[in-house]
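In what follows, a single structure is set out as structure tokens and then discussed.
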Number of protein chains: 6
Amino acid sequence: MENNRLKDLKIFSGSSNPELAKEIAENLGLHLGDVTISKFSNENIKVKLNESVRGKDVFVVQTSCPPLSDNIMELLIMLHALKGASADRVTAVIPYFPYVRSDKKDEPRISITAKLMADLLMTAGADRVLTMDLHAAQIQGFFDIPVDQLLALPILCKYFEEKKLDNIVVVAGDVGRAKLNVKYAEKLKAPLAILEKRREDDKENAKVLTVIGDVEGKNAVMFDDEILTGGSLMELVRILKESGAVEIYAGITHGILSKDAVPNIAKSDLKELVITNTLPLPPNKRIDKIKVLSVGGLFAEAIRRIHEGEPVSCLFT
Amino acid sequence: MENNRLKDLKIFSGSSNPELAKEIAENLGLHLGDVTISKFSNENIKVKLNESVRGKDVFVVQTSCPPLSDNIMELLIMLHALKGASADRVTAVIPYFPYVRSDKKDEPRISITAKLMADLLMTAGADRVLTMDLHAAQIQGFFDIPVDQLLALPILCKYFEEKKLDNIVVVAGDVGRAKLNVKYAEKLKAPLAILEKRREDDKENAKVLTVIGDVEGKNAVMFDDEILTGGSLMELVRILKESGAVEIYAGITHGILSKDAVPNIAKSDLKELVITNTLPLPPNKRIDKIKVLSVGGLFAEAIRRIHEGEPVSCLFT
Amino acid sequence: MENNRLKDLKIFSGSSNPELAKEIAENLGLHLGDVTISKFSNENIKVKLNESVRGKDVFVVQTSCPPLSDNIMELLIMLHALKGASADRVTAVIPYFPYVRSDKKDEPRISITAKLMADLLMTAGADRVLTMDLHAAQIQGFFDIPVDQLLALPILCKYFEEKKLDNIVVVAGDVGRAKLNVKYAEKLKAPLAILEKRREDDKENAKVLTVIGDVEGKNAVMFDDEILTGGSLMELVRILKESGAVEIYAGITHGILSKDAVPNIAKSDLKELVITNTLPLPPNKRIDKIKVLSVGGLFAEAIRRIHEGEPVSCLFT
Amino acid sequence: MENNRLKDLKIFSGSSNPELAKEIAENLGLHLGDVTISKFSNENIKVKLNESVRGKDVFVVQTSCPPLSDNIMELLIMLHALKGASADRVTAVIPYFPYVRSDKKDEPRISITAKLMADLLMTAGADRVLTMDLHAAQIQGFFDIPVDQLLALPILCKYFEEKKLDNIVVVAGDVGRAKLNVKYAEKLKAPLAILEKRREDDKENAKVLTVIGDVEGKNAVMFDDEILTGGSLMELVRILKESGAVEIYAGITHGILSKDAVPNIAKSDLKELVITNTLPLPPNKRIDKIKVLSVGGLFAEAIRRIHEGEPVSCLFT
Amino acid sequence: MENNRLKDLKIFSGSSNPELAKEIAENLGLHLGDVTISKFSNENIKVKLNESVRGKDVFVVQTSCPPLSDNIMELLIMLHALKGASADRVTAVIPYFPYVRSDKKDEPRISITAKLMADLLMTAGADRVLTMDLHAAQIQGFFDIPVDQLLALPILCKYFEEKKLDNIVVVAGDVGRAKLNVKYAEKLKAPLAILEKRREDDKENAKVLTVIGDVEGKNAVMFDDEILTGGSLMELVRILKESGAVEIYAGITHGILSKDAVPNIAKSDLKELVITNTLPLPPNKRIDKIKVLSVGGLFAEAIRRIHEGEPVSCLFT
Amino acid sequence: MENNRLKDLKIFSGSSNPELAKEIAENLGLHLGDVTISKFSNENIKVKLNESVRGKDVFVVQTSCPPLSDNIMELLIMLHALKGASADRVTAVIPYFPYVRSDKKDEPRISITAKLMADLLMTAGADRVLTMDLHAAQIQGFFDIPVDQLLALPILCKYFEEKKLDNIVVVAGDVGRAKLNVKYAEKLKAPLAILEKRREDDKENAKVLTVIGDVEGKNAVMFDDEILTGGSLMELVRILKESGAVEIYAGITHGILSKDAVPNIAKSDLKELVITNTLPLPPNKRIDKIKVLSVGGLFAEAIRRIHEGEPVSCLFT
């Protein structure tokens, strides 16, 4: 049964993560909007909205997973179709935002592609963006439209609190992630350690790894915003083991888990990897060691609040 | 040896059609610009320009072939990187423009995606566009920046003129392509015939095909801007044969040749398909019946004229 | 009596076609908005809105008829005054859109003036456009705002269907209009013929005319989007008569009928010219042979639907 | 013979004041650019540039005289064609700017049309504007592009100085023009008088006229930026005569002279009206009492300085 | 008690004139919005909105008084925070607009800073502006957003009418202010006189002052939009006294009263200076000779009308 | 003597750091551009360029020091005046960029003011920005124009290398600064330690400070981008001393040194504070313990390279 107050709200899903989109819509008592997405044999994508959106408050759910470029193009075309079809307001709901690591010019003559993504979304017709755990909070400033950034921190911390691990140390896998981990450490009332990686003298690519802080005899938990191949995590697990850590956990918002990430995790000393469903996890990557927490309820509540003009800041703790 | 007048001109190539880009550069006596394009395991594309472009007049060659969305994203990121690296002027050279068939709202609630492409290119930093044979000339009006549209007509007609076929009839494969074919017919001094396709009464999808005009005993040549799976062409060949045409040729600018296009052509009554190299033709699709003409010299001359501020209109005949 | 639901809707009329504007307003149970349009002796136009439009949903009706430039300037000034007076949304209702034939660069160094018109309307303050039968559907893509394009096809076809002519052939007056006429032919279940005009060898301006398809012994109906001086139509009528057509009709959306169009039609073999009232027909041009169908009801219904957020696509059939 | 330094400079003329445009070009040793301006029978204007402007510094001369709306549209289309043809920089040279009296909202719900003109010019492609004696200097602030405003003051004052009139009083025809006239009075070292017009109590439209300051026994000269029908000037002449002025002159930049302005001046007590050629004066309006001074040399020098990057401020005294 | 209709209306105050903001809010039965404005030790300003503004119609009151640059930056940051916090519409209420005298280029190579202010306000997020007595009405044209300009004239004239002075003459302190003063003179049914200041021959800075019109034996009232140090006013008072004026008053909208303005007024022959509270008057500048009239009720009524979509033009008389 | 190649280059200075601007200009063999900056008694700032900038490549040097808001407004007005005076390109040279700590929404309903600054600079007319050591590199992405960010790292490291301290440890004063310090540590081939500050349970504002890593018996050097009151630095010095550090140094790019920073440093255990001259250091703040390194040569070289179209990336090491 459709909620009466929400009658002008519509949720559409792209092809990237229909399960999450469906979960969000169901949390709001809605069906997903009716849209047909197809591809011509020259790979041109076609989006056809099968229901009127005139004057509606529309949210489009599309995350950043393979095939990534297709998913981005599809989202841009959906936004364009929605604006052309006279939707009143269109919010791009992008649980895992693309190109977040390309957020600065750390080499000459590269693109700040996260900024380009912001520009492309605005050009295509997005009036707002709703996302989660941007790699750097500054990315919000790339937009001229309002951006709401949800945090996985409350969900991940709740999970670890309920585990009732004792003698925890929170470990940042990189000095650049120290600031993020200190927030988790404060929430979990645990001390902080940091893994420092440094290029060794005169040796291309060789790195010296040092754990700054004390991990011996402790249960270590490492937090991060995204995991790709898991190479850094595997490295961290080895060092922590060598340094005397007891059990080792990781809590990571966006589980890309590309290449051999899953088999490597399976055979490693990592006790458990906790991720969220901002990206879909294909069945062949589902193993016991990987726990997936849902962000569907949180996104649904954020959408309801944005639609009804209520503050969303209360969702951040 | 590099032309002195051209010292501020640079040609970069995306991943889509490096052979054509190389041919264009060589025609101008230049090397391709040094760029590294790579992909992270989360499929984020990275573009790194390895040489300075400050104050240069840069042309980026990227066509619309599979993987299409990747090629579009790559082009947008290259444009963004070039503008960020202070190139003076950046021209997107897009031999086959993407989404040209999505140029109008012939159904409700679809995107005019060719217009979106224009907007995305301008947002990413394109100052000009150079392209060939847009499906509809009106697409030029989607841009707020100058667009130069080259024509394959002189190249294709020259080829057929040199063939010295007699008793030619030019055949439009669809009423919507009649206007294009009349230009070829005028150039080749041949009469025109048109294939009309019409939905039959009460029957979903069934079509009645009628050849309007006289083809019996003639050598038929059909012209078009693009060929995808070749389904329509095969249909046309059958009808023309039934209607008494002798030899049947096709001259088509952009040879996408997706799915079973090549084997179908191989076994059909089509005498020859003439295309250009606006798209790359993989070795496994190269058969004797398919003749590829190069547009590299034409693009090179257009780029030279744009760079030097000379008129390009003389290239259209 | 004013419709309660429509209380925030206002219709204003420019000077070009007040009868149509009045008809539209009456169909909606509204009076036209109160505005004074005057001209100073230096030909500066002044628009003064005599009623408040703050927060209203305003539609301005202005078509493209002589004095054309005055009517365009007047429309731009009205839009500017409405936005400055804090209207909530302003829709330019332009039954016959100006400069539709200037929709592409078919010669070097000309303006795509239809694109310029789109830009000027947006600059002046238009939030939407409502129009009918654009010369090319691609013109919608010239806008960054939503455009609804109504079709005269259902109105014109209904008229000819009620005439119960038998043995009809639909004739496109030009290969470029073949695609439009095939839609009418499908609707009227009639075959299609096409007039091909071609420049003759070595003779400037001389043209060879060929009818492609069969018209002998048939009643011919030619459809088009606009008729100016009627020169092409008169030519077509002559050829069709020579080719053995019985009765000849024309159904044309926008009846400009400039210069000697009306006397020429009067004395020609054309049986009847059917147009709509998208442009006003002055009393001295009203002859029995010219039948005017009203689009007022269709525009009124489209405006009601836009105002109330209902789909307009159902009006296209 | 064409000046070598000026080889990238081109002057085009619209239809409004070709004599002035020609005079400007000749002052610069140039021919006018080759352009064909025509009108279709539906009054659509067509602009075709007959020579390449790629990379050129182009100035288009178009003033604001009847048919005004046509002249404005023509200018906008020329600007659009020039930018589309890849001109490097386009300057709109508008000796008499349109809609200068519509520069503020002195009534509710009217358009600040001079601002709209600025927006339309920028939208159409103007990179700069060169004009003379705007009704209010604030109009420069309506633009986001540089505007150079020339003054007729040095030309008009020089003329009156050479007349060697003695016992001059400068008279502002309205309190709103007092500030302009005080500049002329300072330059001519003459005292100032002001005509005040005021609505009389309880009588609609009736006005009380009062001359503030002393004019008896003096030669009066009134300055203004524009003269339309001359009604106010005739009124001023009568009052000045009644107040004992000896000879009465007027120096006015823009001579619109609409309606019966010329016959009224002919039979009035005005000794002489001095205007400039910012607008063309048709032969039938040329009478001895009206002296026309040329601004062609001044505009030519301003264009030369803008083209060569020299300051133009020295032209203001 | 909060007005029910006004439940989506919020008034915020910057630091410049909290008393006026409070008075406006109270007139509307509202409390001021809760905001914390602070300054870091590097003088970076921080604005923190302590209540949700999502979907609200927000008005921010900030006037142009010292510290001026801080107040402007603070306003821009507030607008930016409000838009970022998803306010539906943000109106900048700027009783005394900054940089109004920089409204034209009366010298080469200066900024039209009032135009820059308009651009900065729009960039920061203002959707509308509400202000009072702009130095020149043309400044409205600097904006692309609606501007409502209130007038102090009804308030000032009502005050002088109630004084029942007889034998009044209205005196413009400068020819440039003649037009403003004639409006007051009409309203007060009084004659007009004008002070003309002129640079003397050959003497830098020396000025000749002339009173044009008759002031002897009359009570003189001078009106203007702003008073800074009062130097010109003191000069005017001296000349008027010498010319035989009896009592001398001034009615000026914006009382900046910088430097020694107040002591100079105290010891001058000026009978009374009447200003409004568009700027705050510090206690040490409050003397009997200076009468402050409130514009709070007028601004409140204008805000109510803007919020409810009622015309504001009726407030201008 | 003025460099011939640099003849179209001009350097202007705002009021904030004229010594640095002069040093930059002298390094380039240029005089500073002639500009008069003044303030009216209503605190309106006036900028008057006293030399022509038409067609020039202009760099304006203005840093972010008190009076900050005045300096920002002054810069915006200078940029606006330069663009209005037809400068060809205007680069804002802002050694210490304002509002860099307001680069994200770490609280609800605050402004990302660094983004607003970027928008204001672009609105006012900046074509490029040249700055040093932004607090977060992501701030570059706030701009739609190219930004070159210089680094103080080579200058600061060279200074410490020449000191030949042995047994160094680099200490980050905060986990958020760990990433910056690791770059310095790599360059100086020293280990890293990090100070972690954490809110204590249940106690508002009370913080627990922990040094992660080993500092005992070592010479500690802390690097950061800015120092305000020095409170955090003093805290760090105390903790380091308690932890057994020998000598303690700080290398900080931007020395704001507000409030009691200088006296606190004077009496602290800090051995030396090394800053640069991106901000001016008033004579009363110059003490022996504070060493100021000049960035003038580096900025001059960057400007020369930008002007001449050479890469600037080589300046980063």
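Please note that chains go A, B, ... in the order of the structure tokens, that every chain numbers its residues from 1, and that ligands are numbered from 1 in the order shown.
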
Sorted by chain and rising residue number, which residues of chain E lie within 9 Å of chain A, and what are their closest atom pairs and distances in Å to one decimal, counting only C-alpha atoms, as a tab-separated table?
```
residue	atom	partner	partner_atom	distance
E:Glu51	CA	A:Pro311	CA	8.9
E:Ser52	CA	A:Pro311	CA	6.0
E:Val53	CA	A:Pro311	CA	8.3
E:Arg54	CA	A:Gly309	CA	5.1
E:Gly55	CA	A:Gly309	CA	5.5
E:Lys56	CA	A:Gly309	CA	8.5
E:Lys83	CA	A:Pro146	CA	7.6
E:Gly84	CA	A:Pro146	CA	5.3
E:Ala85	CA	A:Pro146	CA	7.2
E:Ser86	CA	A:Pro146	CA	6.6
```

Q: Within segment 1-159 of chain E, find each residue whose DSSP state, derived from the backbone, is helix (DSSP H, G or I), and express the selection as a PyMOL selection string.
A: chain E and resi 18-27+68-84+113-124+137-142+153-159

Q: May I have the residues within 8 Å of Ile194 of chain D as a VMD selection string, using only C-alpha atoms and disregarding those fewer than 5 positions away in the same chain?
A: chain D and resid 171 to 175 178 211 to 213

Store the residues picked out above, limited to N, CA and C atoms, as a PDB file, in the first residue's frame.
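And here's selection.pdb as it stands now:
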```
ATOM      1  N   VAL D 171      20.390  75.203 -21.502  1.00  0.00           N
ATOM      2  CA  VAL D 171      19.096  74.923 -20.880  1.00  0.00           C
ATOM      3  C   VAL D 171      18.802  73.421 -20.921  1.00  0.00           C
ATOM      4  N   ALA D 172      18.572  72.838 -19.733  1.00  0.00           N
ATOM      5  CA  ALA D 172      18.152  71.434 -19.680  1.00  0.00           C
ATOM      6  C   ALA D 172      16.644  71.397 -19.885  1.00  0.00           C
ATOM      7  N   GLY D 173      16.185  70.561 -20.790  1.00  0.00           N
ATOM      8  CA  GLY D 173      14.764  70.520 -21.121  1.00  0.00           C
ATOM      9  C   GLY D 173      13.928  69.798 -20.073  1.00  0.00           C
ATOM     10  N   ASP D 174      14.606  69.321 -19.028  1.00  0.00           N
ATOM     11  CA  ASP D 174      13.930  68.491 -18.033  1.00  0.00           C
ATOM     12  C   ASP D 174      14.889  68.353 -16.855  1.00  0.00           C
ATOM     13  N   VAL D 175      14.383  68.275 -15.624  1.00  0.00           N
ATOM     14  CA  VAL D 175      15.309  68.134 -14.488  1.00  0.00           C
ATOM     15  C   VAL D 175      16.165  66.876 -14.620  1.00  0.00           C
ATOM     16  N   ALA D 178      19.344  67.622 -16.372  1.00  0.00           N
ATOM     17  CA  ALA D 178      20.172  68.704 -15.832  1.00  0.00           C
ATOM     18  C   ALA D 178      21.637  68.280 -15.748  1.00  0.00           C
ATOM     19  N   VAL D 211      10.645  77.743 -15.852  1.00  0.00           N
ATOM     20  CA  VAL D 211      12.071  77.812 -16.152  1.00  0.00           C
ATOM     21  C   VAL D 211      12.798  78.216 -14.869  1.00  0.00           C
ATOM     22  N   ILE D 212      13.633  77.313 -14.360  1.00  0.00           N
ATOM     23  CA  ILE D 212      14.427  77.622 -13.174  1.00  0.00           C
ATOM     24  C   ILE D 212      15.758  78.162 -13.673  1.00  0.00           C
ATOM     25  N   GLY D 213      16.071  79.401 -13.300  1.00  0.00           N
ATOM     26  CA  GLY D 213      17.298  80.040 -13.786  1.00  0.00           C
ATOM     27  C   GLY D 213      16.946  81.141 -14.776  1.00  0.00           C
TER      28      GLY D 213
END
```

Q: Check the DSSP output for the backbone and give back, as a PyMOL selection string, the residues of segment 58-221 of chain C in strand (DSSP E).
A: chain C and resi 58-61+89-94+128-132+147-150+168-172+192-199+207-212+219-221

**Q.** Spatial neighbours of Ile112 of chain F, 10 Å, only C-alpha atoms, chain gap at least 2 places, as an MDAnalysis selection string
**A.** (chainID A and resid 138 140:141) or (chainID E and resid 46 77 80:81 84) or (chainID F and resid 99:106 109:110 114:117 142)

Q | Shell of 7 Å around segment 7-12 of chain F, only C-alpha atoms, local chain residues under 4 positions omitted, as JSON, numbers by chain | A | {"F": [3, 25, 32, 33, 56, 57, 58, 59, 60, 61]}

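Summary of the local environment: counting only C-alpha atoms, residues at most 12 Å from Arg177 of chain A, other than itself and those fewer than 5 positions away along its chain, are A:His135, A:Ala136, A:Val170, A:Val171, A:Ala172, A:Val182, A:Lys183, A:Tyr184, A:Leu192, A:Ala193, A:Ile194, A:Leu195, A:Glu196, A:Met222, A:Phe223, A:Asp224, A:Asp225, A:Glu226, A:Ile252, F:Val175, F:Gly176, F:Arg177, F:Ala178, F:Lys179.
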
Q: Please provide as a PyMOL selection string all residues within 9 Å of Asn264 of chain B, with the sequence filter that same-chain residues fewer than 6 positions apart are discarded (counting only C-alpha atoms).
A: chain B and resi 229-231+234

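When atom CA of Asn219 of chain D is paired with atom CA of Gly244 of chain D, their separation reads 9.6 Å.
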
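Of note, atom CA of Thr278 of chain E and atom CA of Leu293 of chain E are spaced 9.3 Å apart.
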
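Distance check against Ala302 of chain F using only C-alpha atoms: of F:Ser243, F:Ser111, F:Thr91, F:Thr276, the minimum falls on F:Thr91.
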